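Shown below: run.cif, with mmCIF, C-alpha atoms and all ligand atoms.
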data_protein
loop_
_atom_site.label_atom_id
_atom_site.label_comp_id
_atom_site.auth_asym_id
_atom_site.auth_seq_id
_atom_site.Cartn_x
_atom_site.Cartn_y
_atom_site.Cartn_z
CA MET A 571 0.00 0.00 0.00
CA ILE A 572 1.45 3.36 -0.97
CA ASN A 573 1.30 6.47 1.20
CA ILE A 574 0.03 9.71 -0.24
CA ALA A 575 0.21 13.33 0.89
CA VAL A 576 -2.27 15.95 -0.28
CA PHE A 577 -1.09 19.56 -0.52
CA ALA A 578 -3.93 22.11 -0.44
CA SER A 579 -4.51 25.77 0.38
CA GLY A 580 -8.28 26.17 0.50
CA THR A 581 -11.63 24.47 0.80
CA GLY A 582 -10.44 20.97 0.06
CA THR A 583 -13.29 19.51 -1.97
CA ASN A 584 -10.73 17.48 -3.95
CA PHE A 585 -9.20 16.41 -0.63
CA ASP A 586 -12.70 15.18 0.37
CA ALA A 587 -13.13 13.29 -2.89
CA ILE A 588 -9.74 11.59 -2.56
CA LEU A 589 -10.32 10.64 1.07
CA GLU A 590 -13.80 9.31 0.30
CA ASN A 591 -12.43 7.15 -2.54
CA ILE A 592 -9.73 5.79 -0.23
CA ASN A 593 -12.31 5.03 2.45
CA VAL A 594 -14.51 3.04 0.08
CA GLY A 595 -11.53 1.16 -1.36
CA LYS A 596 -11.48 2.81 -4.78
CA ILE A 597 -7.94 4.16 -4.27
CA ASP A 598 -5.43 1.65 -2.93
CA ALA A 599 -3.45 4.07 -0.80
CA LYS A 600 -3.26 5.55 2.66
CA LEU A 601 -3.66 9.32 3.07
CA VAL A 602 -0.93 9.98 5.63
CA LEU A 603 -0.36 13.73 5.46
CA LEU A 604 -2.00 17.03 4.59
CA VAL A 605 0.36 19.92 3.84
CA CYS A 606 -1.22 23.37 3.95
CA ASP A 607 0.26 26.87 3.71
CA LYS A 608 -2.86 28.60 5.10
CA PRO A 609 -3.46 27.94 8.80
CA GLN A 610 -7.12 29.12 8.50
CA ALA A 611 -8.02 26.96 5.50
CA LEU A 612 -11.08 24.73 5.78
CA VAL A 613 -9.08 21.75 4.50
CA VAL A 614 -7.06 21.79 7.77
CA GLU A 615 -10.25 21.32 9.80
CA LYS A 616 -11.28 18.48 7.52
CA ALA A 617 -7.94 16.68 7.96
CA ASN A 618 -8.07 17.12 11.72
CA LYS A 619 -11.59 15.66 11.83
CA ALA A 620 -10.39 12.68 9.81
CA ASN A 621 -7.37 12.21 12.11
CA ILE A 622 -4.89 12.75 9.32
CA ASN A 623 -1.47 14.15 10.19
CA THR A 624 -1.06 17.74 9.09
CA PHE A 625 1.86 20.03 8.42
CA VAL A 626 0.43 23.54 8.45
CA PHE A 627 2.88 26.35 7.98
CA ASN A 628 3.02 30.07 7.36
CA PRO A 629 5.48 30.87 4.54
CA LYS A 630 6.32 34.14 6.30
CA ASP A 631 7.95 32.17 9.12
CA TYR A 632 10.67 30.93 6.72
CA VAL A 633 13.51 32.82 5.06
CA ASP A 634 12.59 31.57 1.60
CA LYS A 635 10.83 28.90 -0.44
CA LEU A 636 13.75 26.47 -0.17
CA ALA A 637 13.50 26.68 3.61
CA TYR A 638 9.82 25.81 3.81
CA ASP A 639 10.06 23.21 1.06
CA SER A 640 12.86 21.56 3.09
CA ALA A 641 10.57 21.52 6.12
CA ILE A 642 7.81 19.96 3.98
CA LEU A 643 10.22 17.36 2.63
CA GLU A 644 11.22 16.40 6.16
CA GLN A 645 7.54 15.84 7.02
CA CYS A 646 6.97 13.81 3.85
CA GLN A 647 9.95 11.60 4.65
CA LYS A 648 8.90 11.22 8.28
CA ASN A 649 5.48 10.03 7.12
CA ASN A 650 6.95 7.75 4.41
CA VAL A 651 5.09 9.57 1.63
CA ASP A 652 5.40 7.91 -1.80
CA LEU A 653 3.19 10.21 -3.89
CA ILE A 654 2.36 13.92 -3.54
CA ILE A 655 -1.01 15.15 -4.78
CA LEU A 656 -1.50 18.88 -5.21
CA ALA A 657 -5.17 19.82 -4.89
CA GLY A 658 -5.61 23.56 -4.92
CA TYR A 659 -2.13 24.18 -3.50
CA MET A 660 -1.38 27.78 -4.47
CA ARG A 661 2.44 27.58 -4.51
CA ILE A 662 5.04 26.53 -7.04
CA VAL A 663 6.90 23.47 -5.81
CA SER A 664 10.69 23.95 -5.76
CA SER A 665 13.55 21.67 -6.78
CA VAL A 666 13.90 20.48 -3.17
CA LEU A 667 10.68 18.47 -3.50
CA LEU A 668 10.93 17.81 -7.25
CA LYS A 669 14.33 16.13 -6.86
CA ALA A 670 13.17 14.02 -3.92
CA TYR A 671 9.93 12.98 -5.70
CA PRO A 672 10.72 12.73 -9.44
CA ASN A 673 7.48 12.01 -11.35
CA ARG A 674 5.80 11.52 -7.99
CA ILE A 675 4.11 14.92 -7.74
CA ILE A 676 0.88 15.56 -9.62
CA ASN A 677 -1.54 18.48 -9.88
CA ILE A 678 -5.08 19.17 -11.02
CA HIS A 679 -5.87 22.32 -12.99
CA PRO A 680 -9.33 23.53 -14.03
CA SER A 681 -8.59 24.19 -17.70
CA LEU A 682 -7.53 22.28 -20.79
CA LEU A 683 -3.78 22.87 -20.51
CA PRO A 684 -1.71 24.38 -21.97
CA ALA A 685 -4.50 26.99 -22.20
CA PHE A 686 -5.32 29.22 -19.24
CA LYS A 687 -2.53 28.51 -16.78
CA GLY A 688 -2.37 30.15 -13.37
CA LYS A 689 -5.03 31.68 -11.17
CA ASP A 690 -8.75 31.98 -11.99
CA ALA A 691 -8.39 29.60 -14.92
CA ILE A 692 -12.13 28.95 -15.18
CA LYS A 693 -12.94 32.66 -15.39
CA GLN A 694 -10.06 33.24 -17.80
CA ALA A 695 -11.46 30.59 -20.16
CA TYR A 696 -15.05 31.74 -19.73
CA ASP A 697 -14.21 35.39 -20.37
CA TYR A 698 -12.22 34.38 -23.45
CA GLY A 699 -15.39 32.84 -24.81
CA VAL A 700 -14.20 29.26 -25.30
CA LYS A 701 -16.86 26.72 -26.27
CA VAL A 702 -15.06 23.73 -24.78
CA MET A 703 -13.81 23.73 -21.20
CA GLY A 704 -12.28 21.06 -19.04
CA VAL A 705 -9.89 19.73 -16.45
CA SER A 706 -6.25 18.59 -16.67
CA ILE A 707 -4.16 16.40 -14.41
CA HIS A 708 -0.42 16.68 -14.96
CA TYR A 709 2.98 15.91 -13.52
CA VAL A 710 4.51 18.86 -11.70
CA ASN A 711 7.72 20.54 -12.78
CA GLU A 712 9.18 23.96 -12.01
CA ASP A 713 6.95 25.72 -14.55
CA LEU A 714 3.53 26.89 -13.43
CA ASP A 715 0.97 24.28 -14.59
CA GLY A 716 3.67 23.08 -16.99
CA GLY A 717 4.46 19.35 -16.61
CA ALA A 718 3.42 16.46 -18.86
CA ILE A 719 -0.32 15.86 -19.05
CA ILE A 720 -1.64 12.62 -17.54
CA ALA A 721 -5.40 12.99 -18.08
CA GLN A 722 -7.89 15.50 -19.43
CA GLN A 723 -11.67 15.70 -19.63
CA ALA A 724 -13.53 18.24 -21.72
CA PHE A 725 -17.14 19.36 -22.10
CA ASN A 726 -19.11 21.75 -24.25
CA ASN A 727 -19.97 24.79 -22.14
CA GLU A 728 -22.19 26.58 -24.65
CA GLY A 729 -25.24 28.02 -22.90
CA MET A 730 -23.73 27.63 -19.41
CA SER A 731 -23.30 30.53 -16.99
CA LEU A 732 -19.91 30.95 -15.30
CA GLU A 733 -21.36 29.44 -12.12
CA GLU A 734 -22.75 26.42 -13.99
CA ALA A 735 -19.42 25.88 -15.74
CA GLU A 736 -17.57 26.11 -12.41
CA LYS A 737 -19.86 23.54 -10.84
CA HIS A 738 -19.47 21.20 -13.79
CA ILE A 739 -15.67 21.52 -13.64
CA HIS A 740 -15.59 20.70 -9.93
CA ASP A 741 -17.89 17.69 -10.47
CA ILE A 742 -15.49 16.43 -13.15
CA GLU A 743 -12.48 17.03 -10.87
CA HIS A 744 -14.00 14.98 -8.05
CA GLN A 745 -14.41 11.98 -10.39
CA LEU A 746 -11.32 12.35 -12.57
CA TYR A 747 -8.71 12.94 -9.85
CA PRO A 748 -9.46 9.79 -7.78
CA LYS A 749 -9.78 7.70 -10.95
CA THR A 750 -6.44 8.97 -12.28
CA ILE A 751 -4.66 8.50 -8.95
CA GLN A 752 -5.84 4.90 -8.80
CA LYS A 753 -4.74 4.32 -12.41
CA LEU A 754 -1.24 5.65 -11.63
CA ILE A 755 -1.02 3.44 -8.54
CA LYS A 756 -2.11 0.36 -10.52
CA GLU A 757 0.49 1.15 -13.17
CA GLY A 758 3.16 1.45 -10.47
CA ILE A 759 3.03 5.29 -10.52
C1 LIG B 801 -9.64 23.14 -7.98
O1 LIG B 801 -10.49 23.75 -8.93
C2 LIG B 801 -8.33 22.76 -8.62
O2 LIG B 801 -8.45 22.43 -9.96
C3 LIG B 801 -7.53 24.04 -8.48
O3 LIG B 801 -7.90 24.55 -7.23
C4 LIG B 801 -9.22 24.13 -6.90
C5 LIG B 801 -9.18 23.52 -5.53
O4 LIG B 801 -10.45 23.32 -4.99
N1 LIG B 801 -6.12 23.77 -8.64
P1 LIG B 801 -10.64 22.50 -3.63
O5 LIG B 801 -9.83 23.21 -2.54
O6 LIG B 801 -10.18 21.10 -3.86
O7 LIG B 801 -12.12 22.59 -3.33
#
Translate the structure of the given file into C-alpha cells.
Ligand code: GRF
Amino acid sequence: MINIAVFASGTGTNFDAILENINVGKIDAKLVLLVCDKPQALVVEKANKANINTFVFNPKDYVDKLAYDSAILEQCQKNNVDLIILAGYMRIVSSVLLKAYPNRIINIHPSLLPAFKGKDAIKQAYDYGVKVMGVSIHYVNEDLDGGAIIAQQAFNNEGMSLEEAEKHIHDIEHQLYPKTIQKLIKEGI
C-alpha cells in the first residue's frame, strides 16, 4: 500500500473526494499527510476531523521557499510519503521536492492545458469565450501548470453561466482525480 500526501490551500473539496475514494476502497493508498500553507483553510479542519497528520505552515515564518520546502520534505519523509497530490495548492513546488519525488508529484488544474494557466483559470477561459472547457491532471515541474499531461476531460460549455461551468468543472475534478490516482497506482506510478 502506498502512502500519499495531499497539498492544499483552501476548501479541500478534492481532498474530500480523494479521502472518500480511499475510504470506500477505490484508491489503494493511505492518506498519511495534509500539507497546507494557510493555517485558517477549511481543509485543515477536515484533515483534523479525519485524524490525518497535518503540516500547516506560514510561509512568512521561513527565510525563503527552499527553507519551507525543506521543512515539507522532512515531514513527507517522516510520514513515508510515496506520492504527492496537489489539490488547490497555491504555490510553485521547488527543486527540493521535485528532486526528492521525481514524477511523484501531480496536480489538477481547471482548464484544458496548456490553455489558461495560473489563477482563476475557469474565469479566464469563460471570459475568453471558449466553447469547450475542461480539467487537466499533470505531472509537476518547475513551470507553473507546466508538466506532462496525464489525463484531461472536456465538455461543451455553450449556454452555461460561469457558475454552472464552475460547478461542472468541480464535479469532473472529483471523479477524474481519484480515478487517475488509482490508475497511476495500478500502473506502479
Ligand atoms: C480546484 O479547482 C483545482 O483544480 C484548483 O484549485 C481548486 C481547488 O479546490 N487547482 P478545492 O480546494 O479542492 O475545493
Next on the checklist: Report, in Å with one decimal, the straight-line distance from CA of Asn649 (chain A) to CA of Ser664 (chain A).
Outcome noted: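 CA of Ser664 (chain A) lies at a distance of 19.7 Å from CA of Asn649 (chain A).
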Query raised in the report: Smallest atom-to-atom distance to Ile592 (chain A): which of A:Gly729, A:Pro748, A:Pro680, A:Gly704, using only C-alpha atoms?
Result: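 Using only C-alpha atoms, the shortest distance to Ile592 (chain A) belongs to A:Pro748.
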Hey, could you make a per-residue contact list for chain A against ligand LIG 801 (chain B) with 6 Å as the cut-off, showing the nearest pair of atoms and its distance in Å to one decimal, counting all atoms listed in the file, sorted by chain and number, as CSV?
residue,atom,partner,partner_atom,distance
A:Gly580,CA,B:LIG801,O5,4.5
A:Thr581,CA,B:LIG801,O5,4.0
A:Gly582,CA,B:LIG801,O5,3.5
A:Thr583,CA,B:LIG801,O7,3.6
A:Asn584,CA,B:LIG801,O6,3.7
A:Phe585,CA,B:LIG801,O6,5.8
A:Ala657,CA,B:LIG801,O6,5.3
A:Gly658,CA,B:LIG801,O3,3.4
A:Ile678,CA,B:LIG801,O2,4.8
A:His679,CA,B:LIG801,O2,4.0
A:Pro680,CA,B:LIG801,O2,4.3
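Closest approach to Ile676 (chain A) among A:Val633, A:Leu604, A:Ile642, A:Ile751 is made by A:Ile751 (distances from all atoms listed in the file).
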Open item on the list: Here is a test: counting all atoms listed in the file, which residue of A:Ile720, A:Leu636, A:Val700, A:Leu754 is nearest to Val666 (chain A)?
Closed with: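 Using all atoms listed in the file, the shortest distance to Val666 (chain A) belongs to A:Leu636.
The spacing separating CA of Ile654 (chain A) from CA of Ile574 (chain A) amounts to 5.8 Å.
What separates CA of Ile588 (chain A) from CA of His744 (chain A) is a distance of 7.7 Å.
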Contacts of Phe686 (chain A) at 12 Å or less, counting all atoms listed in the file, minus same-chain residues fewer than 5 places along, as a ChimeraX atom specification? /A:679-681,691-698,700,703-706,714-716
Go ahead and write the selection's residues with C-alpha atoms as a PDB file, in the frame of the given file.
ATOM      1  CA  HIS A 679      -5.870  22.320 -12.990  1.00  0.00           C
ATOM      2  CA  PRO A 680      -9.330  23.530 -14.030  1.00  0.00           C
ATOM      3  CA  SER A 681      -8.590  24.190 -17.700  1.00  0.00           C
ATOM      4  CA  ALA A 691      -8.390  29.600 -14.920  1.00  0.00           C
ATOM      5  CA  ILE A 692     -12.130  28.950 -15.180  1.00  0.00           C
ATOM      6  CA  LYS A 693     -12.940  32.660 -15.390  1.00  0.00           C
ATOM      7  CA  GLN A 694     -10.060  33.240 -17.800  1.00  0.00           C
ATOM      8  CA  ALA A 695     -11.460  30.590 -20.160  1.00  0.00           C
ATOM      9  CA  TYR A 696     -15.050  31.740 -19.730  1.00  0.00           C
ATOM     10  CA  ASP A 697     -14.210  35.390 -20.370  1.00  0.00           C
ATOM     11  CA  TYR A 698     -12.220  34.380 -23.450  1.00  0.00           C
ATOM     12  CA  VAL A 700     -14.200  29.260 -25.300  1.00  0.00           C
ATOM     13  CA  MET A 703     -13.810  23.730 -21.200  1.00  0.00           C
ATOM     14  CA  GLY A 704     -12.280  21.060 -19.040  1.00  0.00           C
ATOM     15  CA  VAL A 705      -9.890  19.730 -16.450  1.00  0.00           C
ATOM     16  CA  SER A 706      -6.250  18.590 -16.670  1.00  0.00           C
ATOM     17  CA  LEU A 714       3.530  26.890 -13.430  1.00  0.00           C
ATOM     18  CA  ASP A 715       0.970  24.280 -14.590  1.00  0.00           C
ATOM     19  CA  GLY A 716       3.670  23.080 -16.990  1.00  0.00           C
TER      20      GLY A 716
END
Radius query 10 Å about (-17.7, 19.1, -14.5), atoms used: all atoms listed in the file, as a PyMOL selection string:
chain A and resi 680+703-705+723-725+727+734-746
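For the set A:Ala617, A:Ile755, A:Leu643, A:Ile719, the residue with the smallest atom-to-atom gap to Asn573 (chain A) is A:Ile755, counting only C-alpha atoms.
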Would you mind listing what lies within 9 Å of Asn623 (chain A) as a list in words, with all atoms listed in the file counted and same-chain residues fewer than 2 positions away left out?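 Result of the neighbour search: Leu601, Val602, Leu603, Leu604, Val605, Ala617, Asn618, Asn621, Phe625 and Asn649 of chain A.
Every protein or nucleic acid residue with an atom no more than 10 Å from Pro672 (chain A), counting all atoms listed in the file and leaving out same-chain residues fewer than 3 positions away, appears here: Leu653, Ser665, Leu667, Leu668, Lys669, Ile675, Tyr709, Val710 and Asn711 of chain A.
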Using all atoms listed in the file, the best pick from A:Leu589, A:Ala641, A:Cys646, A:Asp607 as closest to Lys619 (chain A) would be A:Leu589
Legend entry - Shortest interatomic distance to Ile662 (chain A) - which of A:Asp713, A:Arg674, A:Ile622, A:Asp631, counting all atoms listed in the file: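 Using all atoms listed in the file, the shortest distance to Ile662 (chain A) belongs to A:Asp713.
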Complete the atoms of region 656-690 of chain A to N, CA and C atoms and put them out as a compact mmCIF listing (two decimals), in the frame of the given file.
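Dumped to rebuild_7.txt:
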# COMPACT_ATOMS: atom_id res chain seq x y z
N LEU A 656 -1.14 17.48 -5.41
CA LEU A 656 -1.50 18.88 -5.21
C LEU A 656 -2.98 19.04 -5.57
N ALA A 657 -3.73 19.63 -4.65
CA ALA A 657 -5.17 19.82 -4.89
C ALA A 657 -5.54 21.22 -4.41
N GLY A 658 -5.34 22.17 -5.31
CA GLY A 658 -5.61 23.56 -4.92
C GLY A 658 -4.51 24.12 -4.04
N TYR A 659 -3.28 23.66 -4.26
CA TYR A 659 -2.13 24.18 -3.50
C TYR A 659 -1.58 25.36 -4.30
N MET A 660 -1.63 26.55 -3.70
CA MET A 660 -1.38 27.78 -4.47
C MET A 660 0.09 28.21 -4.46
N ARG A 661 1.01 27.24 -4.49
CA ARG A 661 2.44 27.58 -4.51
C ARG A 661 3.16 26.73 -5.55
N ILE A 662 4.22 27.30 -6.10
CA ILE A 662 5.04 26.53 -7.04
C ILE A 662 6.00 25.68 -6.21
N VAL A 663 6.05 24.40 -6.54
CA VAL A 663 6.90 23.47 -5.81
C VAL A 663 8.35 23.64 -6.30
N SER A 664 9.29 23.70 -5.36
CA SER A 664 10.69 23.95 -5.76
C SER A 664 11.45 22.65 -6.00
N SER A 665 12.70 22.82 -6.45
CA SER A 665 13.55 21.67 -6.78
C SER A 665 13.79 20.75 -5.57
N VAL A 666 13.68 21.31 -4.37
CA VAL A 666 13.90 20.48 -3.17
C VAL A 666 12.94 19.28 -3.18
N LEU A 667 11.67 19.55 -3.48
CA LEU A 667 10.68 18.47 -3.50
C LEU A 667 10.72 17.71 -4.84
N LEU A 668 10.94 18.46 -5.92
CA LEU A 668 10.93 17.81 -7.25
C LEU A 668 12.04 16.77 -7.36
N LYS A 669 13.20 17.08 -6.79
CA LYS A 669 14.33 16.13 -6.86
C LYS A 669 14.07 14.91 -5.98
N ALA A 670 13.43 15.13 -4.84
CA ALA A 670 13.17 14.02 -3.92
C ALA A 670 12.02 13.13 -4.41
N TYR A 671 11.10 13.72 -5.21
CA TYR A 671 9.93 12.98 -5.70
C TYR A 671 9.81 13.10 -7.23
N PRO A 672 10.79 12.59 -7.98
CA PRO A 672 10.72 12.73 -9.44
C PRO A 672 9.53 11.95 -10.01
N ASN A 673 8.71 12.61 -10.80
CA ASN A 673 7.48 12.01 -11.35
C ASN A 673 6.56 11.43 -10.27
N ARG A 674 6.66 11.97 -9.10
CA ARG A 674 5.80 11.52 -7.99
C ARG A 674 5.02 12.70 -7.41
N ILE A 675 4.92 13.78 -8.17
CA ILE A 675 4.11 14.92 -7.74
C ILE A 675 3.16 15.27 -8.88
N ILE A 676 1.86 15.26 -8.57
CA ILE A 676 0.88 15.56 -9.62
C ILE A 676 -0.04 16.70 -9.18
N ASN A 677 -0.67 17.33 -10.17
CA ASN A 677 -1.54 18.48 -9.88
C ASN A 677 -2.80 18.39 -10.73
N ILE A 678 -3.85 19.04 -10.23
CA ILE A 678 -5.08 19.17 -11.02
C ILE A 678 -5.28 20.64 -11.33
N HIS A 679 -5.68 20.92 -12.58
CA HIS A 679 -5.87 22.32 -12.99
C HIS A 679 -7.18 22.43 -13.75
N PRO A 680 -7.99 23.47 -13.43
CA PRO A 680 -9.33 23.53 -14.03
C PRO A 680 -9.38 24.18 -15.41
N SER A 681 -8.49 23.76 -16.30
CA SER A 681 -8.59 24.19 -17.70
C SER A 681 -7.98 23.09 -18.55
N LEU A 682 -8.16 23.22 -19.86
CA LEU A 682 -7.53 22.28 -20.79
C LEU A 682 -6.14 22.81 -21.10
N LEU A 683 -5.16 22.39 -20.31
CA LEU A 683 -3.78 22.87 -20.51
C LEU A 683 -3.30 22.48 -21.91
N PRO A 684 -2.45 23.28 -22.57
CA PRO A 684 -1.71 24.38 -21.97
C PRO A 684 -2.46 25.72 -21.96
N ALA A 685 -3.76 25.71 -22.23
CA ALA A 685 -4.50 26.99 -22.20
C ALA A 685 -4.84 27.37 -20.76
N PHE A 686 -4.84 28.64 -20.50
CA PHE A 686 -5.32 29.22 -19.24
C PHE A 686 -4.63 28.66 -18.00
N LYS A 687 -3.32 28.88 -17.96
CA LYS A 687 -2.53 28.51 -16.78
C LYS A 687 -2.77 29.54 -15.67
N GLY A 688 -2.36 29.18 -14.46
CA GLY A 688 -2.37 30.15 -13.37
C GLY A 688 -3.72 30.31 -12.69
N LYS A 689 -3.84 31.44 -12.01
CA LYS A 689 -5.03 31.68 -11.17
C LYS A 689 -6.29 31.93 -12.00
N ASP A 690 -7.44 31.67 -11.38
CA ASP A 690 -8.75 31.98 -11.99
C ASP A 690 -8.88 31.42 -13.40
